[in-house]
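Structure file entry_7.cif (mmCIF, C-alpha atoms and all ligand atoms) is printed below.
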```cif
data_target
#
loop_
_atom_site.label_atom_id
_atom_site.label_comp_id
_atom_site.auth_asym_id
_atom_site.auth_seq_id
_atom_site.Cartn_x
_atom_site.Cartn_y
_atom_site.Cartn_z
CA MET Q 155 0.00 0.00 0.00
CA LEU Q 156 1.25 3.46 -0.92
CA PHE Q 157 0.05 4.95 2.35
CA ASP Q 158 -0.74 4.02 5.89
CA LYS Q 159 -4.41 3.71 6.84
CA ASN Q 160 -3.69 6.06 9.73
CA GLN Q 161 -3.02 8.80 7.20
CA ILE Q 162 -6.62 8.46 6.03
CA HIS Q 163 -7.86 8.74 9.61
CA THR Q 164 -5.74 11.84 10.25
CA LEU Q 165 -7.16 13.54 7.18
CA ASN Q 166 -10.68 12.44 8.19
CA ASP Q 167 -10.27 13.99 11.64
CA GLN Q 168 -9.69 17.41 10.11
CA ALA Q 169 -12.96 17.28 8.19
CA LEU Q 170 -15.00 15.44 10.81
CA PRO Q 171 -16.70 18.36 12.68
CA ASP Q 172 -18.25 19.68 9.46
CA HIS Q 173 -19.34 16.18 8.46
CA ARG Q 174 -20.90 15.45 11.85
CA GLU Q 175 -23.10 18.53 11.58
CA SER Q 176 -24.38 17.61 8.10
CA PHE Q 177 -24.89 13.98 9.04
CA GLU Q 178 -26.82 14.78 12.24
CA TYR Q 179 -29.16 17.07 10.32
CA LEU Q 180 -29.72 14.46 7.61
CA SER Q 181 -30.31 11.65 10.14
CA GLN Q 182 -32.96 13.69 11.90
CA ARG Q 183 -34.73 14.51 8.64
CA LEU Q 184 -34.63 10.86 7.54
CA SER Q 185 -35.87 9.52 10.86
CA ARG Q 186 -38.84 11.93 10.73
CA ARG Q 187 -39.71 10.20 7.46
CA GLY Q 188 -39.40 6.79 9.10
CA VAL Q 189 -36.07 5.89 7.48
CA LYS Q 190 -33.67 3.96 9.72
CA THR Q 191 -30.25 5.49 9.07
CA ASN Q 192 -28.31 2.56 10.55
CA GLU Q 193 -29.99 0.05 8.23
CA LEU Q 194 -29.31 2.32 5.29
CA ILE Q 195 -25.62 2.58 6.19
CA LYS Q 196 -25.38 -1.20 6.49
CA LYS Q 197 -26.85 -1.65 3.00
CA ILE Q 198 -24.43 0.90 1.53
CA GLN Q 199 -21.50 -0.87 3.19
CA GLU Q 200 -22.59 -4.24 1.84
CA PHE Q 201 -22.97 -2.92 -1.71
CA GLN Q 202 -19.66 -3.62 -3.45
CA VAL Q 203 -18.91 -2.63 -7.02
CA ALA Q 204 -16.28 -4.55 -8.96
CA ILE Q 205 -13.54 -2.62 -10.72
CA PRO Q 206 -12.46 -4.05 -14.07
CA SER Q 207 -8.75 -4.48 -14.54
CA TRP Q 208 -8.85 -2.48 -17.80
CA ALA Q 209 -10.23 0.65 -16.12
CA LEU Q 210 -7.03 1.40 -14.22
CA GLY Q 211 -5.07 2.60 -17.21
CA THR Q 212 -5.81 5.62 -19.35
CA GLY Q 213 -8.24 4.84 -22.12
CA GLY Q 214 -8.42 6.65 -25.40
CA THR Q 215 -10.29 6.97 -28.62
CA ARG Q 216 -9.43 5.63 -32.05
CA PHE Q 217 -7.75 8.99 -32.62
CA GLY Q 218 -5.31 8.96 -29.76
CA ARG Q 219 -4.43 8.20 -26.21
CA PHE Q 220 -2.88 10.49 -23.60
CA PRO Q 221 -1.60 8.42 -20.68
CA GLY Q 222 -1.03 10.17 -17.38
CA GLY Q 223 1.73 7.96 -16.03
CA GLY Q 224 2.02 5.46 -13.19
CA GLU Q 225 -0.26 2.95 -14.89
CA PRO Q 226 -0.26 -0.62 -13.57
CA ARG Q 227 2.19 -2.77 -15.54
CA SER Q 228 1.02 -6.15 -14.28
CA LEU Q 229 -1.95 -7.96 -12.80
CA GLU Q 230 -0.38 -7.56 -9.37
CA GLU Q 231 -0.21 -3.78 -9.79
CA LYS Q 232 -3.81 -3.67 -11.04
CA ILE Q 233 -4.88 -5.47 -7.87
CA SER Q 234 -2.85 -3.00 -5.80
CA ASP Q 235 -4.65 -0.08 -7.45
CA VAL Q 236 -8.08 -1.56 -6.77
CA GLY Q 237 -6.86 -2.18 -3.20
CA THR Q 238 -6.01 1.54 -2.97
CA LEU Q 239 -9.49 2.49 -4.20
CA HIS Q 240 -11.10 0.09 -1.74
CA ALA Q 241 -9.03 1.48 1.14
CA LEU Q 242 -10.29 4.96 0.23
CA ASN Q 243 -13.98 4.19 -0.36
CA ALA Q 244 -14.70 0.73 1.17
CA GLY Q 245 -17.01 0.14 -1.79
CA SER Q 246 -14.76 -1.39 -4.43
CA GLY Q 247 -14.11 -4.78 -2.86
CA ALA Q 248 -13.83 -6.82 -6.07
CA ILE Q 249 -11.85 -6.93 -9.29
CA SER Q 250 -12.98 -8.26 -12.65
CA LEU Q 251 -10.28 -9.76 -14.86
CA HIS Q 252 -9.98 -9.85 -18.59
CA ILE Q 253 -8.28 -12.81 -20.24
CA PRO Q 254 -5.78 -12.85 -21.96
CA TRP Q 255 -4.73 -9.43 -20.61
CA ASP Q 256 -4.66 -10.64 -17.01
CA ILE Q 257 -3.44 -14.22 -17.08
CA PRO Q 258 -2.01 -14.94 -13.60
CA ASP Q 259 1.49 -16.42 -13.74
CA ASN Q 260 1.43 -17.35 -10.07
CA VAL Q 261 -2.12 -18.10 -8.96
CA GLU Q 262 -1.33 -18.50 -5.26
CA LYS Q 263 0.54 -15.22 -5.11
CA ILE Q 264 -2.24 -13.37 -6.94
CA ARG Q 265 -4.93 -14.86 -4.69
CA HIS Q 266 -2.95 -13.88 -1.61
CA HIS Q 267 -2.31 -10.37 -2.89
CA ALA Q 268 -6.04 -9.85 -3.60
CA ALA Q 269 -7.02 -11.18 -0.17
CA ALA Q 270 -4.46 -8.90 1.51
CA ASN Q 271 -6.19 -5.99 -0.23
CA GLY Q 272 -9.64 -7.20 0.87
CA LEU Q 273 -10.67 -8.03 -2.69
CA LEU Q 274 -12.73 -10.81 -4.26
CA PHE Q 275 -12.57 -11.90 -7.89
CA ASP Q 276 -15.74 -10.98 -9.72
CA ALA Q 277 -16.83 -12.25 -13.16
CA VAL Q 278 -14.06 -13.11 -15.61
CA ASN Q 279 -14.28 -11.68 -19.12
CA SER Q 280 -13.30 -13.37 -22.35
CA ASN Q 281 -11.92 -11.56 -25.37
CA THR Q 282 -12.71 -12.65 -28.89
CA PHE Q 283 -12.92 -9.11 -30.27
CA GLN Q 284 -9.26 -8.84 -31.18
CA ASP Q 285 -6.60 -11.21 -32.46
CA GLN Q 286 -3.81 -12.35 -30.16
CA PRO Q 287 -0.31 -12.86 -31.56
CA ASP Q 288 -0.30 -16.64 -31.06
CA GLN Q 289 -3.80 -17.51 -32.25
CA GLU Q 290 -4.40 -19.60 -35.36
CA PHE Q 291 -7.56 -18.05 -36.81
CA SER Q 292 -8.63 -14.41 -37.07
CA TYR Q 293 -11.78 -12.91 -35.53
CA LYS Q 294 -12.00 -10.28 -38.24
CA PHE Q 295 -15.34 -11.69 -39.37
CA GLY Q 296 -16.63 -12.80 -35.99
CA SER Q 297 -15.92 -15.38 -33.30
CA LEU Q 298 -18.79 -17.43 -31.82
CA CYS Q 299 -20.90 -16.57 -34.88
CA HIS Q 300 -18.21 -17.20 -37.49
CA THR Q 301 -19.04 -19.10 -40.69
CA ASP Q 302 -15.97 -21.32 -40.20
CA ALA Q 303 -16.41 -24.00 -37.53
CA ARG Q 304 -12.69 -23.92 -36.74
CA VAL Q 305 -12.89 -20.23 -35.75
CA ARG Q 306 -15.93 -20.91 -33.58
CA LYS Q 307 -14.12 -23.80 -31.90
CA GLN Q 308 -11.11 -21.58 -31.19
CA ALA Q 309 -13.41 -18.95 -29.62
CA VAL Q 310 -15.26 -21.58 -27.55
CA ASN Q 311 -11.95 -23.00 -26.33
CA HIS Q 312 -10.76 -19.53 -25.35
CA ASN Q 313 -13.88 -19.10 -23.19
CA LEU Q 314 -13.25 -22.48 -21.56
CA GLU Q 315 -9.69 -21.39 -20.82
CA VAL Q 316 -11.02 -18.18 -19.22
CA ILE Q 317 -13.27 -20.30 -16.99
CA GLN Q 318 -10.22 -22.34 -15.91
CA TYR Q 319 -8.37 -19.19 -14.82
CA GLY Q 320 -11.50 -17.94 -13.10
CA LYS Q 321 -11.82 -21.23 -11.20
CA MET Q 322 -8.25 -20.99 -9.96
CA LEU Q 323 -8.87 -17.49 -8.59
CA GLY Q 324 -12.32 -18.07 -7.09
CA SER Q 325 -14.56 -16.39 -9.68
CA LYS Q 326 -18.05 -17.76 -10.13
CA SER Q 327 -19.17 -16.25 -13.41
CA LEU Q 328 -18.19 -15.64 -17.00
CA THR Q 329 -19.17 -12.54 -18.94
CA VAL Q 330 -19.34 -12.90 -22.70
CA TRP Q 331 -19.42 -9.74 -24.76
CA LEU Q 332 -19.13 -10.34 -28.48
CA ALA Q 333 -18.04 -7.83 -31.06
CA ASP Q 334 -19.56 -10.16 -33.65
CA GLY Q 335 -21.56 -8.47 -36.36
CA SER Q 336 -21.33 -6.94 -39.80
CA SER Q 337 -20.67 -3.51 -41.24
CA PHE Q 338 -22.48 -3.80 -44.55
CA PRO Q 339 -25.98 -4.86 -45.57
CA GLY Q 340 -26.01 -8.35 -46.96
CA GLN Q 341 -22.65 -9.25 -45.43
CA MET Q 342 -24.01 -11.73 -42.92
CA ASN Q 343 -27.06 -13.96 -42.64
CA PHE Q 344 -28.75 -12.67 -39.45
CA ARG Q 345 -30.51 -15.94 -38.67
CA LYS Q 346 -27.59 -18.23 -39.31
CA ALA Q 347 -25.19 -15.98 -37.35
CA LEU Q 348 -27.53 -15.96 -34.34
CA GLN Q 349 -28.05 -19.73 -34.52
CA ARG Q 350 -24.28 -20.34 -34.65
CA THR Q 351 -23.83 -17.98 -31.69
CA LEU Q 352 -26.41 -19.91 -29.67
CA ASP Q 353 -24.75 -23.24 -30.54
CA SER Q 354 -21.31 -21.90 -29.51
CA LEU Q 355 -22.66 -20.41 -26.28
CA ARG Q 356 -24.28 -23.75 -25.49
CA GLU Q 357 -20.91 -25.47 -25.70
CA ILE Q 358 -19.50 -22.95 -23.24
CA TYR Q 359 -22.53 -23.13 -20.95
CA ASP Q 360 -22.48 -26.94 -20.85
CA SER Q 361 -18.81 -26.93 -19.81
CA MET Q 362 -19.17 -24.41 -16.97
CA PRO Q 363 -18.85 -25.67 -13.39
CA SER Q 364 -22.29 -26.29 -11.87
CA ASP Q 365 -22.02 -23.31 -9.51
CA TRP Q 366 -21.09 -20.83 -12.26
CA LYS Q 367 -23.25 -18.30 -14.08
CA LEU Q 368 -22.98 -17.10 -17.67
CA PHE Q 369 -23.72 -13.44 -18.43
CA VAL Q 370 -24.58 -12.52 -22.01
CA GLU Q 371 -23.90 -8.86 -22.76
CA TYR Q 372 -25.50 -7.01 -25.69
CA LYS Q 373 -24.62 -3.94 -27.72
CA PRO Q 374 -26.45 -2.32 -30.64
CA TYR Q 375 -23.45 -1.08 -32.63
CA GLU Q 376 -19.65 -0.87 -32.56
CA PRO Q 377 -17.20 -2.11 -33.53
CA TYR Q 378 -19.42 -3.08 -36.48
CA PHE Q 379 -21.73 -0.46 -37.90
CA TYR Q 380 -24.54 -2.30 -39.65
CA HIS Q 381 -25.53 -5.03 -37.21
CA THR Q 382 -24.35 -6.81 -34.10
CA VAL Q 383 -25.40 -10.41 -33.50
CA ILE Q 384 -26.54 -9.72 -29.92
CA GLN Q 385 -27.93 -6.26 -30.43
CA ASP Q 386 -30.32 -5.80 -27.52
CA TRP Q 387 -31.67 -7.15 -24.24
CA GLY Q 388 -34.34 -9.15 -26.07
CA THR Q 389 -31.77 -11.09 -28.07
CA SER Q 390 -29.63 -11.61 -24.97
CA HIS Q 391 -32.68 -12.71 -22.99
CA TRP Q 392 -33.66 -15.17 -25.71
CA LEU Q 393 -30.15 -16.66 -25.72
CA ALA Q 394 -30.07 -16.88 -21.91
CA SER Q 395 -33.51 -18.54 -21.88
CA GLN Q 396 -32.43 -21.08 -24.49
CA LEU Q 397 -29.24 -21.89 -22.59
CA GLY Q 398 -30.74 -22.55 -19.18
CA GLU Q 399 -31.29 -21.27 -15.67
CA ARG Q 400 -27.66 -20.31 -15.00
CA ALA Q 401 -27.50 -18.03 -18.04
CA TYR Q 402 -28.49 -14.40 -17.62
CA THR Q 403 -28.61 -11.10 -19.44
CA LEU Q 404 -26.05 -8.45 -18.58
CA VAL Q 405 -27.09 -4.81 -18.90
CA ASP Q 406 -24.39 -2.26 -19.70
CA LEU Q 407 -25.67 1.32 -19.41
CA GLY Q 408 -23.68 2.42 -22.46
CA HIS Q 409 -25.01 -0.31 -24.72
CA HIS Q 410 -28.32 1.24 -25.70
CA LEU Q 411 -29.51 3.47 -28.46
CA PRO Q 412 -30.42 7.03 -27.37
CA ASN Q 413 -33.52 7.38 -25.16
CA THR Q 414 -33.92 3.66 -24.51
CA ASN Q 415 -35.93 3.19 -21.31
CA ILE Q 416 -33.22 1.27 -19.46
CA GLU Q 417 -35.17 1.24 -16.19
CA GLN Q 418 -37.95 -0.64 -17.96
CA VAL Q 419 -35.42 -3.12 -19.38
CA VAL Q 420 -34.17 -3.72 -15.83
CA ALA Q 421 -37.69 -4.19 -14.47
CA THR Q 422 -38.65 -6.65 -17.20
CA LEU Q 423 -35.50 -8.74 -16.76
CA MET Q 424 -35.76 -8.85 -12.97
CA MET Q 425 -39.41 -9.81 -13.14
CA GLN Q 426 -38.26 -12.90 -15.03
CA GLY Q 427 -35.25 -13.54 -12.78
CA LYS Q 428 -32.87 -13.01 -15.70
CA LEU Q 429 -30.79 -9.95 -14.78
CA GLY Q 430 -27.38 -11.40 -13.96
CA GLY Q 431 -24.93 -8.55 -14.29
CA PHE Q 432 -24.82 -4.81 -14.50
CA HIS Q 433 -22.16 -2.51 -15.99
CA PHE Q 434 -22.12 1.14 -14.92
CA ASN Q 435 -20.94 4.13 -16.95
CA ASP Q 436 -22.54 7.25 -18.38
CA SER Q 437 -22.85 8.78 -21.81
CA LYS Q 438 -24.09 11.70 -23.87
CA PHE Q 439 -24.18 10.10 -27.30
CA GLY Q 440 -23.45 6.38 -27.16
CA ASP Q 441 -20.96 4.14 -25.43
CA ASP Q 442 -18.97 7.16 -24.24
CA ASP Q 443 -17.41 5.60 -21.12
CA LEU Q 444 -18.05 8.71 -19.03
CA THR Q 445 -17.99 8.80 -15.24
CA VAL Q 446 -21.12 7.27 -13.71
CA GLY Q 447 -23.62 9.99 -12.85
CA ALA Q 448 -21.70 12.65 -14.79
CA MET Q 449 -24.41 13.11 -17.40
CA LYS Q 450 -27.71 11.54 -16.34
CA PRO Q 451 -27.93 11.09 -12.57
CA TYR Q 452 -31.76 11.09 -12.61
CA GLN Q 453 -31.81 8.21 -15.06
CA LEU Q 454 -29.38 6.33 -12.82
CA PHE Q 455 -31.71 6.94 -9.88
CA LEU Q 456 -34.73 5.67 -11.85
CA ILE Q 457 -32.76 2.55 -12.78
CA PHE Q 458 -31.85 1.98 -9.14
CA ASN Q 459 -35.50 2.42 -8.25
CA GLU Q 460 -36.21 -0.68 -10.38
CA LEU Q 461 -33.13 -2.52 -9.14
CA VAL Q 462 -34.14 -2.00 -5.51
CA GLU Q 463 -37.71 -3.05 -6.22
CA GLY Q 464 -36.37 -6.16 -7.95
CA MET Q 465 -33.96 -6.98 -5.13
CA GLU Q 466 -36.59 -6.45 -2.42
CA ASP Q 467 -39.27 -8.46 -4.22
CA PRO Q 468 -39.75 -11.63 -2.13
CA ILE Q 469 -41.34 -13.46 -5.07
CA SER Q 470 -38.69 -12.64 -7.68
CA SER Q 471 -36.08 -15.32 -8.15
CA ASN Q 472 -33.55 -12.86 -9.53
CA PRO Q 473 -30.16 -13.37 -7.89
CA SER Q 474 -28.26 -10.34 -6.65
CA PRO Q 475 -26.70 -8.98 -9.86
CA ALA Q 476 -22.92 -8.72 -10.28
CA TRP Q 477 -22.13 -5.00 -10.19
CA MET Q 478 -19.23 -3.60 -12.17
CA ILE Q 479 -18.01 -0.29 -13.52
CA ASP Q 480 -17.27 -0.60 -17.24
CA ALA Q 481 -15.66 2.57 -18.47
CA SER Q 482 -12.35 3.92 -19.61
CA HIS Q 483 -11.00 7.37 -19.03
CA ASN Q 484 -9.25 9.46 -21.56
CA LEU Q 485 -9.04 12.78 -19.70
CA LYS Q 486 -9.32 12.12 -15.98
CA ASP Q 487 -6.98 10.21 -13.72
CA PRO Q 488 -8.57 6.74 -13.98
CA MET Q 489 -8.46 6.18 -10.23
CA GLU Q 490 -10.10 9.52 -9.43
CA ASP Q 491 -12.74 8.78 -12.04
CA LEU Q 492 -13.44 5.39 -10.46
CA LEU Q 493 -13.78 6.98 -7.01
CA GLN Q 494 -16.33 9.42 -8.45
CA SER Q 495 -18.17 6.60 -10.21
CA VAL Q 496 -18.47 4.44 -7.09
CA GLU Q 497 -19.78 7.40 -5.12
CA ALA Q 498 -22.38 8.17 -7.81
CA ILE Q 499 -23.53 4.54 -7.74
CA GLN Q 500 -23.79 4.51 -3.94
CA LEU Q 501 -25.73 7.77 -3.99
CA ALA Q 502 -28.25 6.55 -6.56
CA TYR Q 503 -28.65 3.29 -4.63
CA ALA Q 504 -29.22 5.13 -1.33
CA GLN Q 505 -31.69 7.53 -2.96
CA ALA Q 506 -33.65 4.57 -4.30
CA LEU Q 507 -33.63 2.97 -0.84
CA ILE Q 508 -35.38 5.99 0.75
CA ILE Q 509 -38.26 6.08 -1.75
CA ASP Q 510 -41.56 5.76 0.08
CA ARG Q 511 -42.62 2.64 -1.79
CA LEU Q 512 -45.96 2.20 -0.10
CA ALA Q 513 -46.98 5.79 -0.92
CA LEU Q 514 -45.70 5.36 -4.48
CA GLU Q 515 -47.80 2.24 -5.00
CA ASN Q 516 -50.84 4.03 -3.64
CA ALA Q 517 -50.27 6.93 -6.02
CA ARG Q 518 -49.98 4.45 -8.88
CA ASP Q 519 -53.14 2.61 -7.83
CA ASN Q 520 -54.97 5.94 -7.73
CA ASN Q 521 -53.55 6.99 -11.13
CA ASP Q 522 -51.94 10.07 -9.60
CA PRO Q 523 -48.84 10.92 -11.68
CA VAL Q 524 -48.36 14.21 -9.83
CA LEU Q 525 -48.01 12.52 -6.48
CA ALA Q 526 -45.86 9.75 -7.97
CA GLN Q 527 -43.42 12.36 -9.25
CA GLU Q 528 -43.43 14.18 -5.90
CA ILE Q 529 -42.55 10.95 -4.12
CA LEU Q 530 -39.73 10.03 -6.50
CA GLN Q 531 -38.23 13.51 -6.54
CA GLU Q 532 -38.45 13.85 -2.78
CA ALA Q 533 -35.98 10.96 -2.62
CA PHE Q 534 -33.87 12.10 -5.57
CA ARG Q 535 -33.44 15.64 -4.30
CA THR Q 536 -32.47 14.61 -0.77
CA ASP Q 537 -28.74 15.19 -0.43
CA LEU Q 538 -27.48 11.85 0.86
CA ARG Q 539 -23.78 12.59 0.48
CA PRO Q 540 -23.27 12.83 4.27
CA LEU Q 541 -24.81 9.35 4.61
CA ILE Q 542 -22.44 7.83 2.06
CA ALA Q 543 -19.53 9.59 3.77
CA GLU Q 544 -20.64 8.25 7.15
CA ALA Q 545 -20.82 4.70 5.73
CA ARG Q 546 -17.22 5.11 4.56
CA VAL Q 547 -15.97 6.53 7.86
CA GLN Q 548 -17.62 3.70 9.79
CA SER Q 549 -15.81 1.27 7.47
CA GLY Q 550 -12.48 2.94 8.21
CA ALA Q 551 -12.25 4.55 4.76
CA ALA Q 552 -11.94 8.18 3.67
CA LEU Q 553 -14.50 10.86 4.40
CA HIS Q 554 -13.64 12.47 1.05
CA PRO Q 555 -11.91 9.86 -1.16
CA VAL Q 556 -10.89 12.11 -4.08
CA SER Q 557 -9.53 14.76 -1.74
CA VAL Q 558 -7.54 12.17 0.26
CA PHE Q 559 -6.27 10.61 -3.00
CA ARG Q 560 -4.86 14.03 -3.92
CA LYS Q 561 -3.58 14.99 -0.47
CA LEU Q 562 -1.70 11.69 -0.17
CA GLU Q 563 -0.28 12.28 -3.66
CA VAL Q 564 -1.15 8.77 -4.76
CA ARG Q 565 -0.63 9.42 -8.49
CA LYS Q 566 2.75 11.09 -7.86
CA LYS Q 567 3.85 8.05 -5.86
CA LEU Q 568 2.65 5.67 -8.59
CA ILE Q 569 4.58 7.59 -11.24
CA ARG Q 570 7.69 7.52 -9.04
CA GLU Q 571 7.30 3.75 -8.60
CA ARG Q 572 6.25 2.78 -12.15
CA GLY Q 573 7.46 5.63 -14.32
CA SER Q 574 5.65 8.20 -16.39
CA LYS Q 575 5.54 6.01 -19.48
CA SER Q 576 4.18 2.77 -18.02
CA LEU Q 577 1.36 1.27 -20.06
CA ALA Q 578 -1.42 -0.80 -18.58
CA THR Q 579 -1.75 -4.14 -20.31
CA GLY Q 580 -4.85 -4.58 -22.39
CA LEU Q 581 -5.27 -1.03 -23.59
MN MN Q 601 -19.77 -3.82 -20.51
#
```
Rewrite the structure of this file - the entire thing - as structure tokens.
Amino acid sequence: MLFDKNQIHTLNDQALPDHRESFEYLSQRLSRRGVKTNELIKKIQEFQVAIPSWALGTGGTRFGRFPGGGEPRSLEEKISDVGTLHALNAGSGAISLHIPWDIPDNVEKIRHHAAANGLLFDAVNSNTFQDQPDQEFSYKFGSLCHTDARVRKQAVNHNLEVIQYGKMLGSKSLTVWLADGSSFPGQMNFRKALQRTLDSLREIYDSMPSDWKLFVEYKPYEPYFYHTVIQDWGTSHWLASQLGERAYTLVDLGHHLPNTNIEQVVATLMMQGKLGGFHFNDSKFGDDDLTVGAMKPYQLFLIFNELVEGMEDPISSNPSPAWMIDASHNLKDPMEDLLQSVEAIQLAYAQALIIDRLALENARDNNDPVLAQEILQEAFRTDLRPLIAEARVQSGAALHPVSVFRKLEVRKKLIRERGSKSLATGL
């Protein structure tokens, strides 16, 4: 660790009187509304968001990349960086690996290092969207959907290899995101490509350990510009339903066309017990990889409203989804961006938890959209930042994570240790 935990506590102490005042005021307001602050804090503390290994380096666009230095050069350093985030916010207690970028050379050492940082291994991710130097066949024209059975076999085998690494580290799920698709009308037979994808996924699904889950991610465009094989939640849901009860849809906030009602997608999937994973980010135009909550915090809140309803529904069989941030950062310090993203997620979650659900249902039953909006916005416009901060302090983390990150000069120390030109693997 680049700093002593006591340094966090010292910095907290300086800001504590101001925090106490805000928190006391908020607690009183919440308790008048019948909200139990302690229960809320416990739920925030239990809510852990996985950090993907590829989010720790500077991202870029197809036009360029402007790294800021001190990027993690190895899997071990990626784990250290997530450990640093978790020490600061107590909400990033898991890491999601990407194979082949993060193949562990010494499994025991990696497991130990993660445990020492208080981290679990979340879903493992396969990669058949780019060619690796040693692979026999190219994925230029697809992977699991490819017309050539040998290419499909290679892609299936890669996924099985990813599962093996995941097993060694203690993961319990595989996320499959395919870049498969076409860029020109007529290039691909939609029906045959989808059928081949299902057949390939079935091979992977049938080989998974019995306690593993398969998450099928969708995306409407990019890297291909005419069609993607798994374009939307409906296609993903159909695939997951065909595969079996341990296959689920994964929703990525950036993987929708403009104005899609994502909260409705979430509600529909949870109603059927098929929402397995969730990727957070934010966007203005498409899959922009912006900081969570930077652009559309109200939409995020509305989505969490459905997530909380789904999680609290005693009849729904939906398992607790795997939460992950899926973004890259081409202007901000990636670690500062991740701290902001986790806080935005926790805030939206907490806001959704304080919605007066009984009153909302009554308003709905009485067809009263005015009252329904009042109830939702009462929760959304309540400033719960002191509550999130209190949850962190009680967990021994930082009152103000970004501020502490800067005061402890974490980036400067990383650059000193790793150099200003280090490049994170996988980007
Ligand atoms: Mn994603």
Per residue of range 403-490 of chain Q within 6 Å of range 200-212 of chain Q, note the shortest atom pair and the distance in Å to one decimal, counting all atoms listed in the file, and order the rows by chain and increasing residue number, as JSON lines.
```
{"residue": "Q:Trp477", "atom": "CA", "partner": "Q:Val203", "partner_atom": "CA", "distance": 5.1}
{"residue": "Q:Met478", "atom": "CA", "partner": "Q:Ala204", "partner_atom": "CA", "distance": 4.5}
{"residue": "Q:Ile479", "atom": "CA", "partner": "Q:Ile205", "partner_atom": "CA", "distance": 5.8}
{"residue": "Q:Ser482", "atom": "CA", "partner": "Q:Ala209", "partner_atom": "CA", "distance": 5.2}
{"residue": "Q:His483", "atom": "CA", "partner": "Q:Thr212", "partner_atom": "CA", "distance": 5.5}
{"residue": "Q:Asn484", "atom": "CA", "partner": "Q:Thr212", "partner_atom": "CA", "distance": 5.6}
{"residue": "Q:Pro488", "atom": "CA", "partner": "Q:Leu210", "partner_atom": "CA", "distance": 5.6}
```
message: Just want the residues within 8 Å of ligand MN 601 (chain Q), written as number ranges by chain, counting only C-alpha atoms and all ligand atoms.
response: Q: 331, 371, 405-409, 432-434, 480-481
* Counting all atoms listed in the file, which of Q:Asn472, Q:Thr536, Q:Gln500, Q:Ser495 gets nearest to Lys196 in chain Q? ->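 Of Q:Asn472, Q:Thr536, Q:Gln500, Q:Ser495, the one nearest Lys196 in chain Q is Q:Gln500, counting all atoms listed in the file.
Look at everything within 8 Å of (-24.5, 2.5, -39.8) using only C-alpha atoms, and the residues you get are Ser337, Phe379 and Tyr380 of chain Q.
Near Gly324 in chain Q, within 9 Å and counting all atoms listed in the file, sit Q:Arg265, Q:Leu274, Q:Phe275, Q:Asp276, Q:Tyr319, Q:Gly320, not including residues fewer than 4 positions from it in the same chain.
Using all atoms listed in the file, the shortest contact distance between Leu507 in chain Q and any of Q:Met465, Q:Leu251, Q:Leu194, Q:Leu328 is found at Q:Leu194.
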Do you have, as a tab-separated table, the list of residues of range 443-501 of chain Q lying at most 8 Å from range 413-418 of chain Q, each with its nearest atom pair and that distance in Å to one decimal, counting all atoms listed in the file and ordered by chain then number?
```
residue	atom	partner	partner_atom	distance
Q:Gln453	CA	Q:Glu417	CA	7.8
Q:Leu456	CA	Q:Glu417	CA	6.2
Q:Ile457	CA	Q:Glu417	CA	4.4
Q:Phe458	CA	Q:Glu417	CA	7.8
Q:Glu460	CA	Q:Glu417	CA	6.2
```
(message) Which residue is closest to Pro254 in chain Q? Choose from Q:Asp386, Q:Asp285, Q:Asp491, Q:Glu528 and count all atoms listed in the file.
(response)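 Closest to Pro254 in chain Q, using all atoms listed in the file: Q:Asp285.
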Nearest to Gly247 in chain Q, restricted to only C-alpha atoms and choosing among Q:Gly218, Q:Gly272, Q:Gly398, Q:Gly224, comes out as Q:Gly272
Show me, as a CSV table (one decimal) with C-alpha atoms, in the coordinates of the input, the residues that have an atom within 8 Å of Gly296 in chain Q when counting only C-alpha atoms, minus same-chain residues fewer than 5 positions from it.
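Once everything was written out, this is result_38.csv:
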```csv
chain,number,residue,atom,x,y,z
Q,283,PHE,CA,-12.9,-9.1,-30.3
Q,333,ALA,CA,-18.0,-7.8,-31.1
Q,334,ASP,CA,-19.6,-10.2,-33.6
Q,335,GLY,CA,-21.6,-8.5,-36.4
```
My structure is short of atoms at range 446-452 of chain Q; please model N, CA and C atoms there, returning them as an mmCIF file, in the coordinates of the input.
```
data_model
loop_
_atom_site.group_PDB
_atom_site.id
_atom_site.type_symbol
_atom_site.label_atom_id
_atom_site.label_comp_id
_atom_site.auth_asym_id
_atom_site.auth_seq_id
_atom_site.Cartn_x
_atom_site.Cartn_y
_atom_site.Cartn_z
ATOM 1 N N VAL Q 446 -19.739 7.552 -14.109
ATOM 2 C CA VAL Q 446 -21.120 7.270 -13.710
ATOM 3 C C VAL Q 446 -21.718 8.515 -13.058
ATOM 4 N N GLY Q 447 -22.924 8.860 -13.469
ATOM 5 C CA GLY Q 447 -23.620 9.990 -12.850
ATOM 6 C C GLY Q 447 -23.178 11.348 -13.364
ATOM 7 N N ALA Q 448 -22.212 11.372 -14.296
ATOM 8 C CA ALA Q 448 -21.700 12.650 -14.790
ATOM 9 C C ALA Q 448 -22.723 13.334 -15.697
ATOM 10 N N MET Q 449 -23.524 12.560 -16.380
ATOM 11 C CA MET Q 449 -24.410 13.110 -17.400
ATOM 12 C C MET Q 449 -25.883 12.981 -16.999
ATOM 13 N N LYS Q 450 -26.285 11.772 -16.577
ATOM 14 C CA LYS Q 450 -27.710 11.540 -16.340
ATOM 15 C C LYS Q 450 -27.980 10.915 -14.969
ATOM 16 N N PRO Q 451 -27.728 11.680 -13.905
ATOM 17 C CA PRO Q 451 -27.930 11.090 -12.570
ATOM 18 C C PRO Q 451 -29.387 10.711 -12.281
ATOM 19 N N TYR Q 452 -30.353 11.435 -12.883
ATOM 20 C CA TYR Q 452 -31.760 11.090 -12.610
ATOM 21 C C TYR Q 452 -32.111 9.743 -13.235
#
```
